[in-house]
$ cat upload04.csv   # CSV, C-alpha atoms
chain,number,residue,atom,x,y,z
Q,21,MET,CA,-104.8,95.6,-46.6
Q,22,THR,CA,-101.3,97.1,-46.8
Q,23,ILE,CA,-99.6,97.3,-43.4
Q,24,LEU,CA,-97.1,100.2,-43.3
Q,25,ARG,CA,-95.4,99.1,-40.1
Q,26,GLN,CA,-95.2,96.4,-37.4
Q,27,PRO,CA,-96.6,96.8,-33.9
Q,28,THR,CA,-93.9,97.4,-31.3
Q,29,ARG,CA,-93.5,97.5,-27.5
Q,30,ALA,CA,-92.7,101.2,-27.8
Q,31,GLY,CA,-96.0,101.7,-29.5
Q,32,VAL,CA,-97.7,99.8,-26.7
Q,33,ARG,CA,-96.2,102.2,-24.2
Q,34,ASP,CA,-97.3,105.2,-26.2
Q,35,ALA,CA,-100.8,103.7,-26.4
Q,36,ALA,CA,-100.9,103.2,-22.7
Q,37,ALA,CA,-100.1,106.9,-22.1
Q,38,LYS,CA,-102.8,107.9,-24.5
Q,39,VAL,CA,-105.4,105.6,-22.9
Q,40,ALA,CA,-104.5,106.7,-19.4
Q,41,ALA,CA,-105.2,110.3,-20.3
Q,42,VAL,CA,-108.9,109.5,-21.2
Q,43,VAL,CA,-110.0,106.6,-19.0
Q,44,PRO,CA,-109.0,105.3,-15.5
Q,45,ALA,CA,-107.2,102.0,-15.2
Q,46,THR,CA,-109.5,99.0,-14.9
Q,47,PRO,CA,-109.3,97.2,-11.6
Q,48,LEU,CA,-107.0,94.2,-10.9
Q,49,PHE,CA,-108.5,91.6,-8.5
Q,50,SER,CA,-106.7,88.9,-6.7
Q,51,VAL,CA,-108.3,85.6,-5.6
Q,52,GLU,CA,-106.7,82.4,-4.3
Q,53,ILE,CA,-107.1,79.3,-6.4
Q,54,GLN,CA,-105.5,76.1,-5.1
Q,55,GLY,CA,-103.8,78.3,-2.5
Q,56,VAL,CA,-102.2,80.6,-5.1
Q,57,ALA,CA,-103.0,84.2,-5.6
Q,58,VAL,CA,-104.2,84.7,-9.2
Q,59,ALA,CA,-104.6,88.2,-10.7
Q,60,PHE,CA,-107.6,89.1,-12.8
Q,61,LYS,CA,-107.6,92.2,-15.0
Q,62,ALA,CA,-111.2,93.3,-15.3
Q,63,GLU,CA,-111.5,94.8,-18.8
Q,64,ASN,CA,-115.3,94.1,-18.6
Q,65,LEU,CA,-115.4,97.3,-16.4
Q,66,GLN,CA,-114.3,99.6,-19.3
Q,67,PRO,CA,-116.8,102.3,-20.2
Q,68,ILE,CA,-118.0,100.3,-23.2
Q,69,GLY,CA,-117.8,97.0,-21.2
Q,70,ALA,CA,-114.7,95.6,-23.0
Q,71,PHE,CA,-111.0,96.3,-23.8
Q,72,LYS,CA,-111.7,97.3,-27.4
Q,73,LEU,CA,-111.7,101.0,-26.7
Q,74,ARG,CA,-108.0,100.8,-26.1
Q,75,GLY,CA,-107.1,99.9,-29.7
Q,76,ALA,CA,-109.8,102.1,-31.1
Q,77,TRP,CA,-108.5,105.1,-29.3
Q,78,HIS,CA,-104.9,104.5,-30.3
Q,79,ARG,CA,-105.9,104.0,-33.9
Q,80,LEU,CA,-108.3,106.9,-34.3
Q,81,THR,CA,-106.0,109.4,-32.6
Q,82,ALA,CA,-103.3,108.4,-35.1
Q,83,ILE,CA,-105.4,109.6,-38.0
Q,84,GLU,CA,-104.3,113.0,-39.3
Q,85,PRO,CA,-106.7,115.7,-38.1
Q,86,ASP,CA,-107.5,116.9,-41.6
Q,87,LEU,CA,-108.7,113.4,-42.5
Q,88,ARG,CA,-110.9,112.8,-39.5
Q,89,SER,CA,-114.0,114.4,-41.1
Q,90,ARG,CA,-114.1,111.5,-43.6
Q,91,GLY,CA,-114.8,109.2,-40.7
Q,92,VAL,CA,-114.0,105.6,-40.0
Q,93,VAL,CA,-115.5,102.2,-41.0
Q,94,ALA,CA,-115.1,99.1,-38.9
Q,95,PHE,CA,-116.6,95.5,-38.7
Q,96,SER,CA,-117.5,93.8,-35.5
Q,97,SER,CA,-120.1,91.7,-33.7
Q,98,GLY,CA,-120.2,94.4,-31.0
Q,99,ASN,CA,-117.2,95.1,-28.7
Q,100,HIS,CA,-114.9,96.6,-31.3
Q,101,ALA,CA,-118.0,98.3,-32.7
Q,102,GLN,CA,-118.6,100.1,-29.5
Q,103,GLY,CA,-114.9,100.8,-29.0
Q,104,VAL,CA,-114.7,102.5,-32.4
Q,105,ALA,CA,-118.0,104.3,-31.9
Q,106,TRP,CA,-116.8,105.6,-28.4
Q,107,ALA,CA,-113.5,106.9,-29.8
Q,108,ALA,CA,-115.1,108.4,-32.8
Q,109,LYS,CA,-117.7,110.3,-30.7
Q,110,ARG,CA,-114.9,111.7,-28.5
Q,111,LEU,CA,-113.0,112.9,-31.5
Q,112,GLY,CA,-116.1,114.2,-33.4
Q,113,MET,CA,-115.7,111.7,-36.2
Q,114,PRO,CA,-118.4,109.8,-38.2
Q,115,ALA,CA,-118.3,106.1,-37.6
Q,116,THR,CA,-119.9,103.3,-39.6
Q,117,ILE,CA,-119.9,99.7,-38.3
Q,118,VAL,CA,-120.6,96.6,-40.3
Q,119,MET,CA,-122.3,94.2,-37.8
Q,120,PRO,CA,-123.8,90.7,-38.3
Q,121,ALA,CA,-127.5,90.6,-38.2
Q,122,ASP,CA,-127.4,88.2,-35.3
Q,123,ALA,CA,-125.2,90.4,-33.1
Q,124,PRO,CA,-126.3,90.6,-29.5
Q,125,ARG,CA,-129.0,93.3,-29.2
Q,126,ALA,CA,-127.2,94.9,-26.3
Q,127,LYS,CA,-124.1,95.4,-28.4
Q,128,ARG,CA,-126.0,96.7,-31.4
Q,129,GLU,CA,-128.0,99.1,-29.2
Q,130,GLY,CA,-124.8,100.2,-27.4
Q,131,THR,CA,-123.1,101.0,-30.8
Q,132,LEU,CA,-126.1,103.0,-32.0
Q,133,ALA,CA,-126.3,104.9,-28.7
Q,134,LEU,CA,-122.8,106.1,-29.2
Q,135,GLY,CA,-123.8,107.7,-32.5
Q,136,ALA,CA,-122.5,105.2,-35.0
Q,137,GLU,CA,-124.2,104.1,-38.2
Q,138,VAL,CA,-124.8,100.3,-38.3
Q,139,VAL,CA,-124.8,98.3,-41.5
Q,140,SER,CA,-126.1,94.7,-41.1
Q,141,TYR,CA,-124.9,91.7,-43.0
Q,142,ASP,CA,-125.4,87.9,-43.0
Q,143,ARG,CA,-122.6,86.2,-41.1
Q,144,ALA,CA,-123.1,83.0,-43.1
Q,145,THR,CA,-123.3,84.3,-46.6
Q,146,GLU,CA,-121.6,87.7,-46.8
Q,147,SER,CA,-118.0,89.0,-46.1
Q,148,ARG,CA,-117.8,91.7,-43.5
Q,149,GLU,CA,-114.3,92.6,-44.7
Q,150,LYS,CA,-115.5,93.2,-48.3
Q,151,ILE,CA,-118.5,95.2,-47.2
Q,152,ALA,CA,-116.4,97.4,-44.9
Q,153,ALA,CA,-113.7,97.9,-47.6
Q,154,ARG,CA,-116.3,98.9,-50.1
Q,155,LEU,CA,-117.9,101.4,-47.8
Q,156,ALA,CA,-114.5,102.9,-46.7
Q,157,GLY,CA,-113.4,103.3,-50.3
Q,158,ALA,CA,-116.6,105.0,-51.4
Q,159,ARG,CA,-116.5,107.4,-48.5
Q,160,GLY,CA,-112.8,108.0,-48.3
Q,161,ALA,CA,-112.9,106.8,-44.7
Q,162,VAL,CA,-110.2,105.0,-42.8
Q,163,LEU,CA,-110.8,101.3,-42.3
Q,164,VAL,CA,-110.3,100.2,-38.7
Q,165,PRO,CA,-110.0,96.4,-38.5
Q,166,SER,CA,-110.7,94.7,-35.1
Q,167,PHE,CA,-107.2,93.1,-34.9
Q,168,ASP,CA,-105.3,93.2,-38.2
Q,169,ASP,CA,-103.8,96.6,-37.5
Q,170,PRO,CA,-100.6,97.6,-35.7
Q,171,TRP,CA,-102.2,100.6,-33.9
Q,172,VAL,CA,-105.1,98.4,-32.7
Q,173,ILE,CA,-102.7,95.7,-31.4
Q,174,GLU,CA,-100.6,98.3,-29.6
Q,175,GLY,CA,-103.7,99.8,-28.1
Q,176,GLN,CA,-104.9,96.5,-26.7
Q,177,GLY,CA,-101.5,95.9,-25.2
Q,178,SER,CA,-101.9,98.9,-23.0
Q,179,ALA,CA,-103.9,96.7,-20.6
Q,180,GLY,CA,-100.7,94.8,-20.0
Q,181,ILE,CA,-98.8,98.0,-19.0
Q,182,GLU,CA,-101.5,98.7,-16.5
Q,183,ALA,CA,-101.7,95.2,-15.1
Q,184,ALA,CA,-98.0,94.9,-14.6
Q,185,ALA,CA,-97.9,98.0,-12.4
Q,186,GLN,CA,-101.0,96.9,-10.5
Q,187,MET,CA,-99.6,93.5,-9.8
Q,188,VAL,CA,-96.4,95.0,-8.3
Q,189,ALA,CA,-98.4,97.5,-6.3
Q,190,ALA,CA,-100.6,94.6,-4.9
Q,191,GLY,CA,-97.5,92.6,-3.9
Q,192,LEU,CA,-98.1,90.0,-6.5
Q,193,GLY,CA,-94.8,90.4,-8.3
Q,194,SER,CA,-94.3,90.2,-12.0
Q,195,ALA,CA,-96.6,88.4,-14.4
Q,196,THR,CA,-95.0,85.0,-15.3
Q,197,ARG,CA,-97.9,83.7,-17.4
Q,198,LEU,CA,-100.6,85.5,-19.2
Q,199,VAL,CA,-103.9,83.8,-20.0
Q,200,VAL,CA,-106.0,85.7,-22.5
Q,201,PRO,CA,-109.1,85.2,-24.6
Q,202,CYS,CA,-108.4,85.1,-28.3
Q,203,GLY,CA,-110.5,85.7,-31.4
Q,204,GLY,CA,-108.3,87.3,-34.0
Q,205,GLY,CA,-105.5,87.7,-31.6
Q,206,GLY,CA,-105.2,91.5,-31.3
Q,207,LEU,CA,-105.4,91.5,-27.5
Q,208,ALA,CA,-103.1,88.6,-27.1
Q,209,ALA,CA,-100.5,90.0,-29.4
Q,210,GLY,CA,-100.6,93.4,-27.8
Q,211,LEU,CA,-100.2,91.9,-24.3
Q,212,ALA,CA,-97.4,89.7,-25.6
Q,213,LEU,CA,-95.6,92.9,-26.6
Q,214,ALA,CA,-96.4,94.6,-23.3
Q,215,LEU,CA,-95.2,91.7,-21.1
Q,216,PRO,CA,-92.2,90.3,-22.9
Q,217,ASP,CA,-91.1,88.2,-19.9
Q,218,ALA,CA,-94.4,86.4,-19.4
Q,219,ALA,CA,-95.4,83.1,-21.1
Q,220,VAL,CA,-98.5,83.5,-23.2
Q,221,THR,CA,-101.5,81.1,-23.3
Q,222,VAL,CA,-104.3,82.1,-25.7
Q,223,VAL,CA,-107.8,80.5,-25.1
Q,224,GLU,CA,-110.5,80.0,-27.6
Q,225,PRO,CA,-113.9,78.1,-27.6
Q,226,GLU,CA,-113.8,74.6,-29.0
Q,227,GLY,CA,-114.2,74.4,-32.7
Q,228,TRP,CA,-113.0,78.0,-33.1
Q,229,ASP,CA,-109.4,77.4,-31.8
Q,230,ASP,CA,-107.7,78.3,-35.0
Q,231,MET,CA,-105.0,80.3,-33.2
Q,232,ARG,CA,-104.1,77.3,-31.1
Q,233,ARG,CA,-103.9,75.1,-34.2
Q,234,SER,CA,-101.9,77.8,-36.1
Q,235,LEU,CA,-99.3,78.1,-33.3
Q,236,GLU,CA,-98.9,74.4,-33.1
Q,237,ALA,CA,-98.6,74.0,-36.9
Q,238,GLY,CA,-96.3,77.0,-37.5
Q,239,TRP,CA,-98.5,78.5,-40.1
Q,240,ILE,CA,-102.0,80.0,-40.2
Q,241,GLU,CA,-104.8,77.4,-40.0
Q,242,PRO,CA,-108.3,78.9,-40.6
Q,243,VAL,CA,-111.4,77.7,-38.8
Q,244,GLY,CA,-112.8,74.7,-40.7
Q,245,GLU,CA,-116.1,74.5,-42.4
Q,246,SER,CA,-119.3,74.4,-40.3
Q,247,PRO,CA,-117.7,75.2,-36.9
Q,248,PRO,CA,-119.9,74.4,-33.9
Q,249,PRO,CA,-122.2,77.1,-32.4
Q,250,THR,CA,-120.7,79.0,-29.6
Q,251,ALA,CA,-122.0,81.7,-27.1
Q,252,CYS,CA,-118.7,83.5,-27.7
Q,253,ASP,CA,-119.9,85.9,-30.4
Q,254,ALA,CA,-116.8,88.1,-29.8
Q,255,LEU,CA,-114.4,85.2,-30.7
Q,256,GLN,CA,-116.0,83.9,-33.9
Q,257,THR,CA,-113.1,84.9,-36.2
Q,258,PRO,CA,-112.7,82.5,-39.2
Q,259,ARG,CA,-109.0,83.3,-39.7
Q,260,VAL,CA,-106.3,85.1,-37.6
Q,261,SER,CA,-104.1,87.7,-39.2
Q,262,ASP,CA,-100.5,87.6,-40.3
Q,263,LEU,CA,-99.7,90.4,-37.8
Q,264,THR,CA,-101.2,88.7,-34.7
Q,265,PHE,CA,-99.9,85.3,-35.6
Q,266,ASP,CA,-96.4,86.6,-36.2
Q,267,VAL,CA,-96.2,88.4,-32.8
Q,268,LEU,CA,-97.5,85.4,-30.9
Q,269,SER,CA,-95.5,82.7,-32.8
Q,270,ARG,CA,-92.3,84.7,-32.2
Q,271,ARG,CA,-93.1,84.9,-28.5
Q,272,GLY,CA,-93.6,81.1,-28.3
Q,273,ALA,CA,-97.3,81.4,-27.3
Q,274,THR,CA,-99.4,78.3,-26.9
Q,275,GLY,CA,-103.1,77.8,-27.0
Q,276,VAL,CA,-105.9,75.8,-25.4
Q,277,ALA,CA,-109.6,75.4,-26.1
Q,278,VAL,CA,-112.5,75.2,-23.7
Q,279,SER,CA,-116.0,73.9,-23.9
Q,280,GLU,CA,-119.3,75.8,-23.7
Q,281,ALA,CA,-120.1,74.2,-20.4
Q,282,GLN,CA,-116.7,75.2,-19.0
Q,283,ILE,CA,-117.3,78.8,-20.2
Q,284,ARG,CA,-120.7,78.9,-18.4
Q,285,SER,CA,-119.1,77.6,-15.2
Q,286,ALA,CA,-116.5,80.4,-15.4
Q,287,GLN,CA,-119.2,83.0,-15.9
Q,288,ARG,CA,-120.9,81.7,-12.7
Q,289,TRP,CA,-117.6,81.6,-10.8
Q,290,ALA,CA,-116.9,85.2,-11.8
Q,291,ALA,CA,-120.3,86.3,-10.5
Q,292,GLU,CA,-119.9,84.4,-7.2
Q,293,ARG,CA,-116.3,85.0,-6.4
Q,294,LEU,CA,-115.5,88.4,-8.1
Q,295,ARG,CA,-119.0,89.9,-8.2
Q,296,LEU,CA,-118.4,90.6,-11.9
Q,297,VAL,CA,-120.5,90.2,-15.0
Q,298,VAL,CA,-118.4,88.5,-17.7
Q,299,GLU,CA,-119.6,87.7,-21.2
Q,300,PRO,CA,-118.9,84.2,-22.7
Q,301,GLY,CA,-116.0,85.3,-24.8
Q,302,GLY,CA,-114.6,87.3,-21.9
Q,303,ALA,CA,-114.7,84.3,-19.6
Q,304,VAL,CA,-112.7,81.8,-21.7
Q,305,ALA,CA,-109.3,82.5,-20.1
Q,306,LEU,CA,-110.9,82.0,-16.6
Q,307,ALA,CA,-112.6,78.8,-17.9
Q,308,ALA,CA,-109.2,77.4,-18.9
Q,309,VAL,CA,-107.7,78.1,-15.4
Q,310,LEU,CA,-110.7,76.6,-13.6
Q,311,ALA,CA,-110.8,73.5,-15.9
Q,312,GLY,CA,-107.2,72.8,-15.3
Q,313,ARG,CA,-106.1,73.6,-18.8
Q,314,VAL,CA,-103.6,76.1,-17.4
Q,315,LYS,CA,-101.4,75.4,-14.4
Q,316,VAL,CA,-102.1,77.6,-11.4
Q,317,GLU,CA,-98.8,79.1,-10.4
Q,318,PRO,CA,-97.5,82.4,-8.9
Q,319,GLY,CA,-97.5,85.3,-11.3
Q,320,LEU,CA,-100.6,84.1,-13.2
Q,321,LEU,CA,-102.5,86.9,-14.9
Q,322,VAL,CA,-105.9,86.2,-16.3
Q,323,ILE,CA,-107.7,88.7,-18.6
Q,324,LEU,CA,-111.5,89.1,-18.3
Q,325,SER,CA,-111.9,90.8,-21.6
Q,326,GLY,CA,-115.6,91.8,-21.8
Q,327,GLY,CA,-118.9,92.0,-19.9
Q,328,ASN,CA,-121.5,92.8,-22.5
Q,329,VAL,CA,-124.1,90.1,-22.0
Q,330,ASP,CA,-127.6,89.3,-23.3
Q,331,LEU,CA,-129.5,89.6,-20.0
Q,332,ALA,CA,-131.9,86.7,-20.7
Q,333,ALA,CA,-129.0,84.3,-21.7
Q,334,TYR,CA,-126.9,85.5,-18.8
Q,335,GLY,CA,-129.8,84.9,-16.4
Q,336,ALA,CA,-130.1,81.4,-17.7
Q,337,VAL,CA,-126.4,80.8,-17.2
Q,338,LEU,CA,-126.5,82.0,-13.6
Q,339,ALA,CA,-129.6,79.9,-12.8
Q,340,GLY,CA,-128.0,76.9,-14.4
Q,341,THR,CA,-130.9,76.5,-16.8
Q,342,ASP,CA,-128.9,77.2,-20.0
$ encode --input "upload04.csv" --output "structure tokens"
Amino acid sequence: MTILRQPTRAGVRDAAAKVAAVVPATPLFSVEIQGVAVAFKAENLQPIGAFKLRGAWHRLTAIEPDLRSRGVVAFSSGNHAQGVAWAAKRLGMPATIVMPADAPRAKREGTLALGAEVVSYDRATESREKIAARLAGARGAVLVPSFDDPWVIEGQGSAGIEAAAQMVAAGLGSATRLVVPCGGGGLAAGLALALPDAAVTVVEPEGWDDMRRSLEAGWIEPVGESPPPTACDALQTPRVSDLTFDVLSRRGATGVAVSEAQIRSAQRWAAERLRLVVEPGGAVALAAVLAGRVKVEPGLLVILSGGNVDLAAYGAVLAGTD
């Protein structure tokens, strides 16, 4: 894919204005942990249940009007799929989403309900990127990656513009450290641009912590062969992109990994303390804080990135029978 420009903070601010014109700001909650007020940005309360509509809206509205009839093609396990489908529906554009056959049913059904066409593939044996590129080329559609795109990165960063204003309004001051879930790094990179004075900690599930290893090595390290199973379907990215890695490495971001048990504990904590439904991938940043992987300090901003759960699996997590 040829990138024509780099994501910028000015682009993030433009995206924030565009997003604010179509959806209300998601809530910011504050809860004391170890006697310190910690801020939680509830992106799980977006209309599609995740932050992904931000990047999708910024990207699709940047497409020239005379090209919109050709539509867009994206690949996603569910949250980006719904974000693109949501934006495309509002703009009257056709949308085709390449989704793994084992994607959560709720995410697949949500994507279909928004009017998108879904093309299934085998996560273990097929390349979603190749399938999507072939479809986009054949249809003359615009390919909308889930994180390897400057507009998408800027759009995700709009959550940081909102959160910064909300923290000040709530008397919490400025964000000094951002803790954010990370798959391909689009959200983390966008937030790093939006909040240039905050330290950035990305969080991934154990065995899928390629961004953490990449930041430590100074070059991109892909996920190894046969990574362990994880409930975090939204964070199963085999390789981060040059764009996201570049933004985060230049900002001096660091990373940590959390276990599946720590993620489930975080989901239960969110339900009990925040009264929020948070999916596994959306709960990893909270898991890192609760597990002591990130120091609790004033100015801590934690992103809850999604809430699209499989009800049976989520019920088992809450009941402790998972």
$ atom_distance --input "upload04.csv" --atom1 "atom CA of Arg110 of chain Q" --atom2 "atom CA of Gly135 of chain Q"
10.5 Å
$ atom_distance --input "upload04.csv" --atom1 "atom CA of Val316 of chain Q" --atom2 "atom CA of Glu174 of chain Q"
27.6 Å
$ closest_residue --input "upload04.csv" --among "Q:Asp142, Q:Asp330, Q:Asp266, Q:Glu63" --to "Cys252 of chain Q" --atoms "only C-alpha atoms"
Q:Asp330
$ closest_atom_pairs --input "upload04.csv" --of "segment 39-105 of chain Q" --to "segment 127-132 of chain Q" --cutoff "10 Å" --atoms "all atoms listed in the file" --output "JSON lines"
{"residue": "Q:Ile68", "atom": "CA", "partner": "Q:Gly130", "partner_atom": "CA", "distance": 8.0}
{"residue": "Q:Gly69", "atom": "CA", "partner": "Q:Lys127", "partner_atom": "CA", "distance": 9.7}
{"residue": "Q:Ser96", "atom": "CA", "partner": "Q:Lys127", "partner_atom": "CA", "distance": 9.8}
{"residue": "Q:Ser97", "atom": "CA", "partner": "Q:Lys127", "partner_atom": "CA", "distance": 7.6}
{"residue": "Q:Gly98", "atom": "CA", "partner": "Q:Lys127", "partner_atom": "CA", "distance": 4.8}
{"residue": "Q:Asn99", "atom": "CA", "partner": "Q:Lys127", "partner_atom": "CA", "distance": 6.9}
{"residue": "Q:His100", "atom": "CA", "partner": "Q:Thr131", "partner_atom": "CA", "distance": 9.3}
{"residue": "Q:Ala101", "atom": "CA", "partner": "Q:Thr131", "partner_atom": "CA", "distance": 6.1}
{"residue": "Q:Gln102", "atom": "CA", "partner": "Q:Thr131", "partner_atom": "CA", "distance": 4.8}
{"residue": "Q:Gly103", "atom": "CA", "partner": "Q:Thr131", "partner_atom": "CA", "distance": 8.4}
{"residue": "Q:Val104", "atom": "CA", "partner": "Q:Thr131", "partner_atom": "CA", "distance": 8.7}
{"residue": "Q:Ala105", "atom": "CA", "partner": "Q:Thr131", "partner_atom": "CA", "distance": 6.2}
$ write_last_selection --input "upload04.csv" --atoms "C-alpha atoms" --output "mmCIF file, in the frame of the given file"
data_model
loop_
_atom_site.group_PDB
_atom_site.id
_atom_site.type_symbol
_atom_site.label_atom_id
_atom_site.label_comp_id
_atom_site.auth_asym_id
_atom_site.auth_seq_id
_atom_site.Cartn_x
_atom_site.Cartn_y
_atom_site.Cartn_z
ATOM 1 C CA ILE Q 68 -118.000 100.300 -23.200
ATOM 2 C CA GLY Q 69 -117.800 97.000 -21.200
ATOM 3 C CA SER Q 96 -117.500 93.800 -35.500
ATOM 4 C CA SER Q 97 -120.100 91.700 -33.700
ATOM 5 C CA GLY Q 98 -120.200 94.400 -31.000
ATOM 6 C CA ASN Q 99 -117.200 95.100 -28.700
ATOM 7 C CA HIS Q 100 -114.900 96.600 -31.300
ATOM 8 C CA ALA Q 101 -118.000 98.300 -32.700
ATOM 9 C CA GLN Q 102 -118.600 100.100 -29.500
ATOM 10 C CA GLY Q 103 -114.900 100.800 -29.000
ATOM 11 C CA VAL Q 104 -114.700 102.500 -32.400
ATOM 12 C CA ALA Q 105 -118.000 104.300 -31.900
#
$ closest_residue --input "upload04.csv" --among "Q:Ala183, Q:Val92, Q:Ala189, Q:Ala214" --to "Leu155 of chain Q" --atoms "all atoms listed in the file"
Q:Val92
$ residues_around --input "upload04.csv" --residues "segment 215-230 of chain Q" --least-positions-apart "5" --cutoff "6 Å" --atoms "all atoms listed in the file" --output "list in words"
Ala195, Thr196, Arg197, Leu198, Val199, Val200, Pro201, Cys202, Glu241, Pro242, Val243, Pro247, Pro248, Ala273, Thr274, Gly275, Val276, Ala277, Val278, Ser279 and Ala305 of chain Q
$ write_last_selection --input "upload04.csv" --atoms "C-alpha atoms" --output "compact mmCIF listing (two decimals), in the frame of the given file"
# COMPACT_ATOMS: atom_id res chain seq x y z
CA ALA Q 195 -96.60 88.40 -14.40
CA THR Q 196 -95.00 85.00 -15.30
CA ARG Q 197 -97.90 83.70 -17.40
CA LEU Q 198 -100.60 85.50 -19.20
CA VAL Q 199 -103.90 83.80 -20.00
CA VAL Q 200 -106.00 85.70 -22.50
CA PRO Q 201 -109.10 85.20 -24.60
CA CYS Q 202 -108.40 85.10 -28.30
CA GLU Q 241 -104.80 77.40 -40.00
CA PRO Q 242 -108.30 78.90 -40.60
CA VAL Q 243 -111.40 77.70 -38.80
CA PRO Q 247 -117.70 75.20 -36.90
CA PRO Q 248 -119.90 74.40 -33.90
CA ALA Q 273 -97.30 81.40 -27.30
CA THR Q 274 -99.40 78.30 -26.90
CA GLY Q 275 -103.10 77.80 -27.00
CA VAL Q 276 -105.90 75.80 -25.40
CA ALA Q 277 -109.60 75.40 -26.10
CA VAL Q 278 -112.50 75.20 -23.70
CA SER Q 279 -116.00 73.90 -23.90
CA ALA Q 305 -109.30 82.50 -20.10
$ closest_atom_pairs --input "upload04.csv" --of "segment 134-222 of chain Q" --to "segment 41-61 of chain Q" --cutoff "10 Å" --atoms "only C-alpha atoms" --output "JSON lines"
{"residue": "Q:Ser178", "atom": "CA", "partner": "Q:Ala45", "partner_atom": "CA", "distance": 9.9}
{"residue": "Q:Ala179", "atom": "CA", "partner": "Q:Lys61", "partner_atom": "CA", "distance": 8.1}
{"residue": "Q:Gly180", "atom": "CA", "partner": "Q:Lys61", "partner_atom": "CA", "distance": 8.9}
{"residue": "Q:Glu182", "atom": "CA", "partner": "Q:Ala45", "partner_atom": "CA", "distance": 6.7}
{"residue": "Q:Ala183", "atom": "CA", "partner": "Q:Lys61", "partner_atom": "CA", "distance": 6.6}
{"residue": "Q:Ala184", "atom": "CA", "partner": "Q:Leu48", "partner_atom": "CA", "distance": 9.8}
{"residue": "Q:Ala185", "atom": "CA", "partner": "Q:Leu48", "partner_atom": "CA", "distance": 10.0}
{"residue": "Q:Gln186", "atom": "CA", "partner": "Q:Leu48", "partner_atom": "CA", "distance": 6.6}
{"residue": "Q:Met187", "atom": "CA", "partner": "Q:Ala59", "partner_atom": "CA", "distance": 7.3}
{"residue": "Q:Ala190", "atom": "CA", "partner": "Q:Ser50", "partner_atom": "CA", "distance": 8.5}
{"residue": "Q:Leu192", "atom": "CA", "partner": "Q:Ala57", "partner_atom": "CA", "distance": 7.6}
{"residue": "Q:Ala195", "atom": "CA", "partner": "Q:Ala59", "partner_atom": "CA", "distance": 8.8}
{"residue": "Q:Leu198", "atom": "CA", "partner": "Q:Ala59", "partner_atom": "CA", "distance": 9.8}
{"residue": "Q:Val199", "atom": "CA", "partner": "Q:Phe60", "partner_atom": "CA", "distance": 9.7}
$ closest_residue --input "upload04.csv" --among "Q:Val314, Q:Arg293, Q:Ala152, Q:Ser89" --to "Thr116 of chain Q" --atoms "all atoms listed in the file"
Q:Ala152
$ closest_residue --input "upload04.csv" --among "Q:Leu324, Q:Leu296, Q:Ala121, Q:Ala209" --to "Asp262 of chain Q" --atoms "all atoms listed in the file"
Q:Ala209
$ closest_residue --input "upload04.csv" --among "Q:Ala82, Q:Leu338, Q:Met231, Q:Ala94" --to "Thr257 of chain Q" --atoms "all atoms listed in the file"
Q:Met231
$ closest_residue --input "upload04.csv" --among "Q:Asp253, Q:Glu292, Q:Glu146, Q:Glu317" --to "Gly203 of chain Q" --atoms "only C-alpha atoms"
Q:Asp253
$ residues_around --input "upload04.csv" --residues "Arg79 of chain Q" --least-positions-apart "6" --cutoff "9 Å" --atoms "all atoms listed in the file" --output "number ranges by chain"
Q: 164, 169-172, 174-175
$ atom_distance --input "upload04.csv" --atom1 "atom CA of Gly157 of chain Q" --atom2 "atom CA of Ala107 of chain Q"
20.8 Å
$ residues_around --input "upload04.csv" --residues "Ala153 of chain Q" --least-positions-apart "3" --cutoff "9 Å" --atoms "all atoms listed in the file" --output "ChimeraX atom specification"
/Q:93-94,148-150,156-158,163
$ residues_around --input "upload04.csv" --residues "Val118 of chain Q" --least-positions-apart "4" --cutoff "6 Å" --atoms "all atoms listed in the file" --output "compact mmCIF listing (two decimals) with C-alpha atoms, in the coordinates of the input"
# COMPACT_ATOMS: atom_id res chain seq x y z
CA PHE Q 95 -116.60 95.50 -38.70
CA VAL Q 138 -124.80 100.30 -38.30
CA VAL Q 139 -124.80 98.30 -41.50
CA SER Q 140 -126.10 94.70 -41.10
